[in-house]
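Here the structure comes first, spelled out in structure tokens, and everything after it is commentary.
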Amino acid sequence: MAETLVADQHARGAATAHQFDDFEQQRDAATMGMWIFLVTEIMFFGGLFASYVVYRVIYPTAFAVASLALDITLGTLNTAVLLISSFTMALAVFGSQTGRRRALVGGLALTILLGLVFLAIKIYEYYQKYVEHHIPGPSFAFPAPYTEPAKMYFTLYFAMTGLHAAHMIVGCGLLTVLIVMAWRGRFTPEYHSPVELSGLYWHFVDIIWIFLYPLLYLIGRHLE
């Protein structure tokens, strides 16, 4: 028992950066830093959500009609993909907490794969909008009398989903780095904060999509 305690203290000491007094202070600082970052991200997305709500109130029918141009099947599929990715990310975090490297690496790899599937589907959706001339710009086309309000709807659609996709790309990059670190044995049950914090970021990105999906894809379904 004493030998295990000494080993744990040694592992924590080895993982503690010089600017911190101890391992617990470093972990608390990292966790607080991530939460502060996520709050700024909420404010970032919050501006887009607020803009959406304002224009949705001004042009309720036009926004509902424009939403019918989105592929509900692909949107629902992407929602399922992200929900599954949250599970695989949780599996990776559990693997890091229990010292199971195979579960950690496997969970991270599956999460990245699902993230890439999400991005591939989103790129295909963007291609659909390009073919249908629904990308705001000189070639934008939508039946009157909803042309201008629909242009605003699709402007917000591309801004919100594009920003979300950018966060997904960053998340996949982070998880790739974690896989390399995990493969090299950098994480132990005593030190796995990077995995937990990256998992927190990934879940945040998933939650953002849970709000985007009904706002963008479901608002006009009552018109069908």
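Every chain in the structure tokens has a letter given in the order shown (A, B, ...), and although residue numbers restart at 1 in each chain, ligands are simply numbered from 1 in the order shown.
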
Item to check | Residues near A:Lys129, cut-off 12 Å, only C-alpha atoms, skip fewer than 6 positions along chain, as a ChimeraX atom specification | outcome: /A:66-67,69-71,122-123,135-136,139-142,151,154-155,157-158

Output file for the selection above: N, CA, C and O atoms, as an mmCIF file, in the first residue's frame:
```cif
data_model
loop_
_atom_site.group_PDB
_atom_site.id
_atom_site.type_symbol
_atom_site.label_atom_id
_atom_site.label_comp_id
_atom_site.auth_asym_id
_atom_site.auth_seq_id
_atom_site.Cartn_x
_atom_site.Cartn_y
_atom_site.Cartn_z
ATOM 1 N N ALA A 66 -37.615 28.057 -45.788
ATOM 2 C CA ALA A 66 -36.218 27.864 -46.173
ATOM 3 C C ALA A 66 -35.640 26.603 -45.533
ATOM 4 O O ALA A 66 -34.837 25.893 -46.145
ATOM 5 N N SER A 67 -36.059 26.310 -44.304
ATOM 6 C CA SER A 67 -35.514 25.131 -43.617
ATOM 7 C C SER A 67 -35.910 23.839 -44.314
ATOM 8 O O SER A 67 -35.229 22.816 -44.179
ATOM 9 N N ALA A 69 -35.632 23.247 -47.307
ATOM 10 C CA ALA A 69 -34.648 22.964 -48.355
ATOM 11 C C ALA A 69 -33.475 22.152 -47.821
ATOM 12 O O ALA A 69 -32.671 21.636 -48.608
ATOM 13 N N LEU A 70 -33.352 22.045 -46.501
ATOM 14 C CA LEU A 70 -32.280 21.234 -45.926
ATOM 15 C C LEU A 70 -32.669 19.763 -45.951
ATOM 16 O O LEU A 70 -33.844 19.412 -45.895
ATOM 17 N N ASP A 71 -31.657 18.910 -46.012
ATOM 18 C CA ASP A 71 -31.872 17.459 -46.045
ATOM 19 C C ASP A 71 -32.014 16.947 -44.618
ATOM 20 O O ASP A 71 -31.026 16.789 -43.897
ATOM 21 N N LYS A 122 -21.392 16.816 -43.819
ATOM 22 C CA LYS A 122 -21.629 18.259 -43.888
ATOM 23 C C LYS A 122 -21.096 18.838 -45.201
ATOM 24 O O LYS A 122 -21.749 19.715 -45.808
ATOM 25 N N ILE A 123 -19.952 18.374 -45.658
ATOM 26 C CA ILE A 123 -19.422 18.838 -46.950
ATOM 27 C C ILE A 123 -20.384 18.464 -48.074
ATOM 28 O O ILE A 123 -20.626 19.263 -48.993
ATOM 29 N N ILE A 135 -26.372 29.107 -51.749
ATOM 30 C CA ILE A 135 -25.263 29.779 -51.071
ATOM 31 C C ILE A 135 -25.420 31.274 -51.290
ATOM 32 O O ILE A 135 -25.480 31.733 -52.440
ATOM 33 N N PRO A 136 -25.534 32.069 -50.218
ATOM 34 C CA PRO A 136 -25.742 33.515 -50.376
ATOM 35 C C PRO A 136 -24.663 34.151 -51.241
ATOM 36 O O PRO A 136 -23.472 33.906 -51.047
ATOM 37 N N SER A 139 -25.290 34.350 -57.152
ATOM 38 C CA SER A 139 -26.025 33.257 -57.792
ATOM 39 C C SER A 139 -27.141 32.695 -56.917
ATOM 40 O O SER A 139 -27.777 31.699 -57.283
ATOM 41 N N PHE A 140 -27.394 33.316 -55.771
ATOM 42 C CA PHE A 140 -28.421 32.793 -54.857
ATOM 43 C C PHE A 140 -29.794 32.839 -55.520
ATOM 44 O O PHE A 140 -30.162 33.817 -56.177
ATOM 45 N N ALA A 141 -30.554 31.751 -55.348
ATOM 46 C CA ALA A 141 -31.895 31.676 -55.932
ATOM 47 C C ALA A 141 -32.830 30.994 -54.949
ATOM 48 O O ALA A 141 -32.501 29.947 -54.377
ATOM 49 N N PHE A 142 -34.008 31.605 -54.763
ATOM 50 C CA PHE A 142 -35.036 31.029 -53.902
ATOM 51 C C PHE A 142 -36.367 31.639 -54.321
ATOM 52 O O PHE A 142 -36.429 32.823 -54.651
ATOM 53 N N LYS A 151 -32.303 34.207 -47.958
ATOM 54 C CA LYS A 151 -30.863 34.485 -48.044
ATOM 55 C C LYS A 151 -30.282 34.707 -46.654
ATOM 56 O O LYS A 151 -29.177 34.229 -46.338
ATOM 57 N N PHE A 154 -29.997 31.266 -44.902
ATOM 58 C CA PHE A 154 -28.854 30.465 -45.329
ATOM 59 C C PHE A 154 -27.525 31.118 -44.939
ATOM 60 O O PHE A 154 -26.532 30.420 -44.744
ATOM 61 N N THR A 155 -27.507 32.444 -44.814
ATOM 62 C CA THR A 155 -26.310 33.101 -44.290
ATOM 63 C C THR A 155 -26.029 32.637 -42.878
ATOM 64 O O THR A 155 -24.899 32.281 -42.524
ATOM 65 N N TYR A 157 -27.233 29.883 -41.556
ATOM 66 C CA TYR A 157 -26.981 28.435 -41.619
ATOM 67 C C TYR A 157 -25.502 28.151 -41.869
ATOM 68 O O TYR A 157 -24.883 27.346 -41.157
ATOM 69 N N PHE A 158 -24.932 28.817 -42.873
ATOM 70 C CA PHE A 158 -23.525 28.571 -43.191
ATOM 71 C C PHE A 158 -22.599 29.113 -42.107
ATOM 72 O O PHE A 158 -21.556 28.514 -41.814
#
```

Next on the checklist: Residues within 8 Å of A:Leu91, please, as a list in words. Count only C-alpha atoms; anything in the same chain fewer than 5 positions from it doesn't count.
Outcome noted: Ala103, Leu104 and Gly107 of chain A

Next on the checklist: With distances taken over only C-alpha atoms, which residue among A:Ile207, A:Ala144, A:Val170, A:Leu218 lies nearest A:Ala62?
Outcome noted: A:Ala144

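Take the candidates A:Val57, A:Val131, A:Leu163, A:Leu108 and check each one against A:Met181 using only C-alpha atoms; the shortest distance goes to A:Leu108.
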
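With only C-alpha atoms as the basis for measurement, A:Pro189 is the residue among A:Pro214, A:Pro189, A:Gly173, A:Gly33 that approaches A:Phe94 most closely.
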
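The neighbours of A:Phe204 here are the residues that come within 10 Å of it, using only C-alpha atoms and leaving out any residue fewer than 5 positions away in the same chain; they are Leu38, Glu41, Ile42, Ser86, His167, Ser198, Gly199, Trp209 and Ile210 of chain A.
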
N, CA, C and O atoms of the current selection, written as a tab-separated table (two decimals), in the first residue's frame:
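Final output, saved to selection38.tsv:
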```
chain	number	residue	atom	x	y	z
A	38	LEU	N	-14.49	27.69	-22.63
A	38	LEU	CA	-15.81	27.28	-23.11
A	38	LEU	C	-16.85	28.38	-22.91
A	38	LEU	O	-17.77	28.54	-23.73
A	41	GLU	N	-16.52	30.62	-25.74
A	41	GLU	CA	-17.10	30.00	-26.92
A	41	GLU	C	-18.63	30.09	-26.90
A	41	GLU	O	-19.26	30.29	-27.94
A	42	ILE	N	-19.21	29.95	-25.72
A	42	ILE	CA	-20.67	30.11	-25.59
A	42	ILE	C	-21.08	31.53	-25.98
A	42	ILE	O	-22.09	31.72	-26.67
A	86	SER	N	-19.92	11.06	-28.71
A	86	SER	CA	-19.84	11.42	-27.29
A	86	SER	C	-19.61	10.17	-26.43
A	86	SER	O	-18.87	10.21	-25.44
A	167	HIS	N	-14.83	23.96	-35.32
A	167	HIS	CA	-14.55	23.41	-33.99
A	167	HIS	C	-14.36	21.89	-34.05
A	167	HIS	O	-13.56	21.34	-33.30
A	198	SER	N	-10.01	17.55	-23.10
A	198	SER	CA	-10.37	17.43	-24.51
A	198	SER	C	-11.74	16.80	-24.67
A	198	SER	O	-12.51	17.17	-25.56
A	199	GLY	N	-12.07	15.87	-23.78
A	199	GLY	CA	-13.40	15.28	-23.79
A	199	GLY	C	-14.46	16.32	-23.47
A	199	GLY	O	-15.54	16.32	-24.07
A	209	TRP	N	-24.28	21.33	-31.48
A	209	TRP	CA	-25.03	20.76	-32.59
A	209	TRP	C	-26.44	20.36	-32.17
A	209	TRP	O	-27.39	20.48	-32.96
A	210	ILE	N	-26.61	19.89	-30.93
A	210	ILE	CA	-27.92	19.51	-30.45
A	210	ILE	C	-28.87	20.71	-30.49
A	210	ILE	O	-30.08	20.56	-30.70
```

Next on the checklist: From a backbone DSSP assignment, name each residue in stretch 102-181 of chain A labelled alpha helix (DSSP H), as a PyMOL selection string.
Outcome noted: chain A and resi 102-131+147-181

Write the selection just made, keeping C-alpha atoms, as a CSV table (one decimal), in the first residue's frame?
```csv
chain,number,residue,atom,x,y,z
A,102,ARG,CA,-6.2,0.1,-25.6
A,103,ALA,CA,-9.6,1.5,-24.6
A,104,LEU,CA,-8.1,5.0,-24.5
A,105,VAL,CA,-6.5,4.8,-28.0
A,106,GLY,CA,-9.5,2.9,-29.4
A,107,GLY,CA,-12.0,5.4,-28.0
A,108,LEU,CA,-10.0,8.4,-29.4
A,109,ALA,CA,-9.6,6.8,-32.8
A,110,LEU,CA,-13.4,6.0,-33.1
A,111,THR,CA,-14.2,9.5,-32.0
A,112,ILE,CA,-12.0,11.0,-34.7
A,113,LEU,CA,-13.5,8.6,-37.3
A,114,LEU,CA,-17.0,9.7,-36.3
A,115,GLY,CA,-15.9,13.3,-36.4
A,116,LEU,CA,-14.6,12.8,-40.0
A,117,VAL,CA,-17.9,11.1,-41.0
A,118,PHE,CA,-19.8,14.1,-39.6
A,119,LEU,CA,-17.6,16.5,-41.6
A,120,ALA,CA,-17.9,14.4,-44.8
A,121,ILE,CA,-21.7,14.5,-44.5
A,122,LYS,CA,-21.6,18.3,-43.9
A,123,ILE,CA,-19.4,18.8,-46.9
A,124,TYR,CA,-21.9,16.8,-49.0
A,125,GLU,CA,-24.7,19.0,-47.7
A,126,TYR,CA,-22.8,22.1,-48.6
A,127,TYR,CA,-22.4,20.7,-52.1
A,128,GLN,CA,-26.1,20.2,-52.3
A,129,LYS,CA,-26.7,23.9,-51.4
A,130,TYR,CA,-24.2,24.8,-54.1
A,131,VAL,CA,-26.0,22.8,-56.7
A,147,THR,CA,-35.9,35.3,-51.5
A,148,GLU,CA,-34.3,37.9,-49.3
A,149,PRO,CA,-35.4,36.4,-45.9
A,150,ALA,CA,-34.2,33.0,-47.2
A,151,LYS,CA,-30.9,34.5,-48.0
A,152,MET,CA,-30.6,35.6,-44.4
A,153,TYR,CA,-31.6,32.1,-43.2
A,154,PHE,CA,-28.9,30.5,-45.3
A,155,THR,CA,-26.3,33.1,-44.3
A,156,LEU,CA,-26.9,32.1,-40.7
A,157,TYR,CA,-27.0,28.4,-41.6
A,158,PHE,CA,-23.5,28.6,-43.2
A,159,ALA,CA,-22.1,30.8,-40.4
A,160,MET,CA,-23.4,28.6,-37.6
A,161,THR,CA,-22.7,25.2,-39.2
A,162,GLY,CA,-19.4,26.4,-40.6
A,163,LEU,CA,-18.2,27.6,-37.2
A,164,HIS,CA,-19.3,24.4,-35.7
A,165,ALA,CA,-17.4,22.4,-38.4
A,166,ALA,CA,-14.3,24.4,-37.6
A,167,HIS,CA,-14.5,23.4,-34.0
A,168,MET,CA,-14.9,19.8,-35.1
A,169,ILE,CA,-11.7,20.0,-37.1
A,170,VAL,CA,-9.9,21.5,-34.1
A,171,GLY,CA,-11.3,18.7,-32.0
A,172,CYS,CA,-10.1,16.0,-34.4
A,173,GLY,CA,-6.6,17.6,-34.3
A,174,LEU,CA,-6.5,17.6,-30.5
A,175,LEU,CA,-7.6,14.0,-30.4
A,176,THR,CA,-4.9,13.0,-32.9
A,177,VAL,CA,-2.3,14.6,-30.6
A,178,LEU,CA,-3.7,12.7,-27.7
A,179,ILE,CA,-3.5,9.4,-29.6
A,180,VAL,CA,0.2,10.0,-30.2
A,181,MET,CA,0.7,10.8,-26.5
```

Next on the checklist: List the spatial neighbours of A:Ser96 as a VMD selection string - criterion: any atom at most 7 Å away, only C-alpha atoms, same-chain residues fewer than 3 positions off excluded.
Outcome noted: chain A and resid 92 to 93 99 to 101 104 187 to 189 192

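Residues lying within 12 Å of A:Val53, counting only C-alpha atoms and ignoring same-chain neighbours fewer than 6 positions away, are Gly46, Gly47, Tyr59, Pro60, Phe63, Met152, Tyr153, Leu156, Leu212, Leu215, Leu216 and Ile219 of chain A.
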
Checklist entry - Do you have the atom CA of A:Leu68-atom CA of A:Gly220 distance handy? => result 5.8 Å
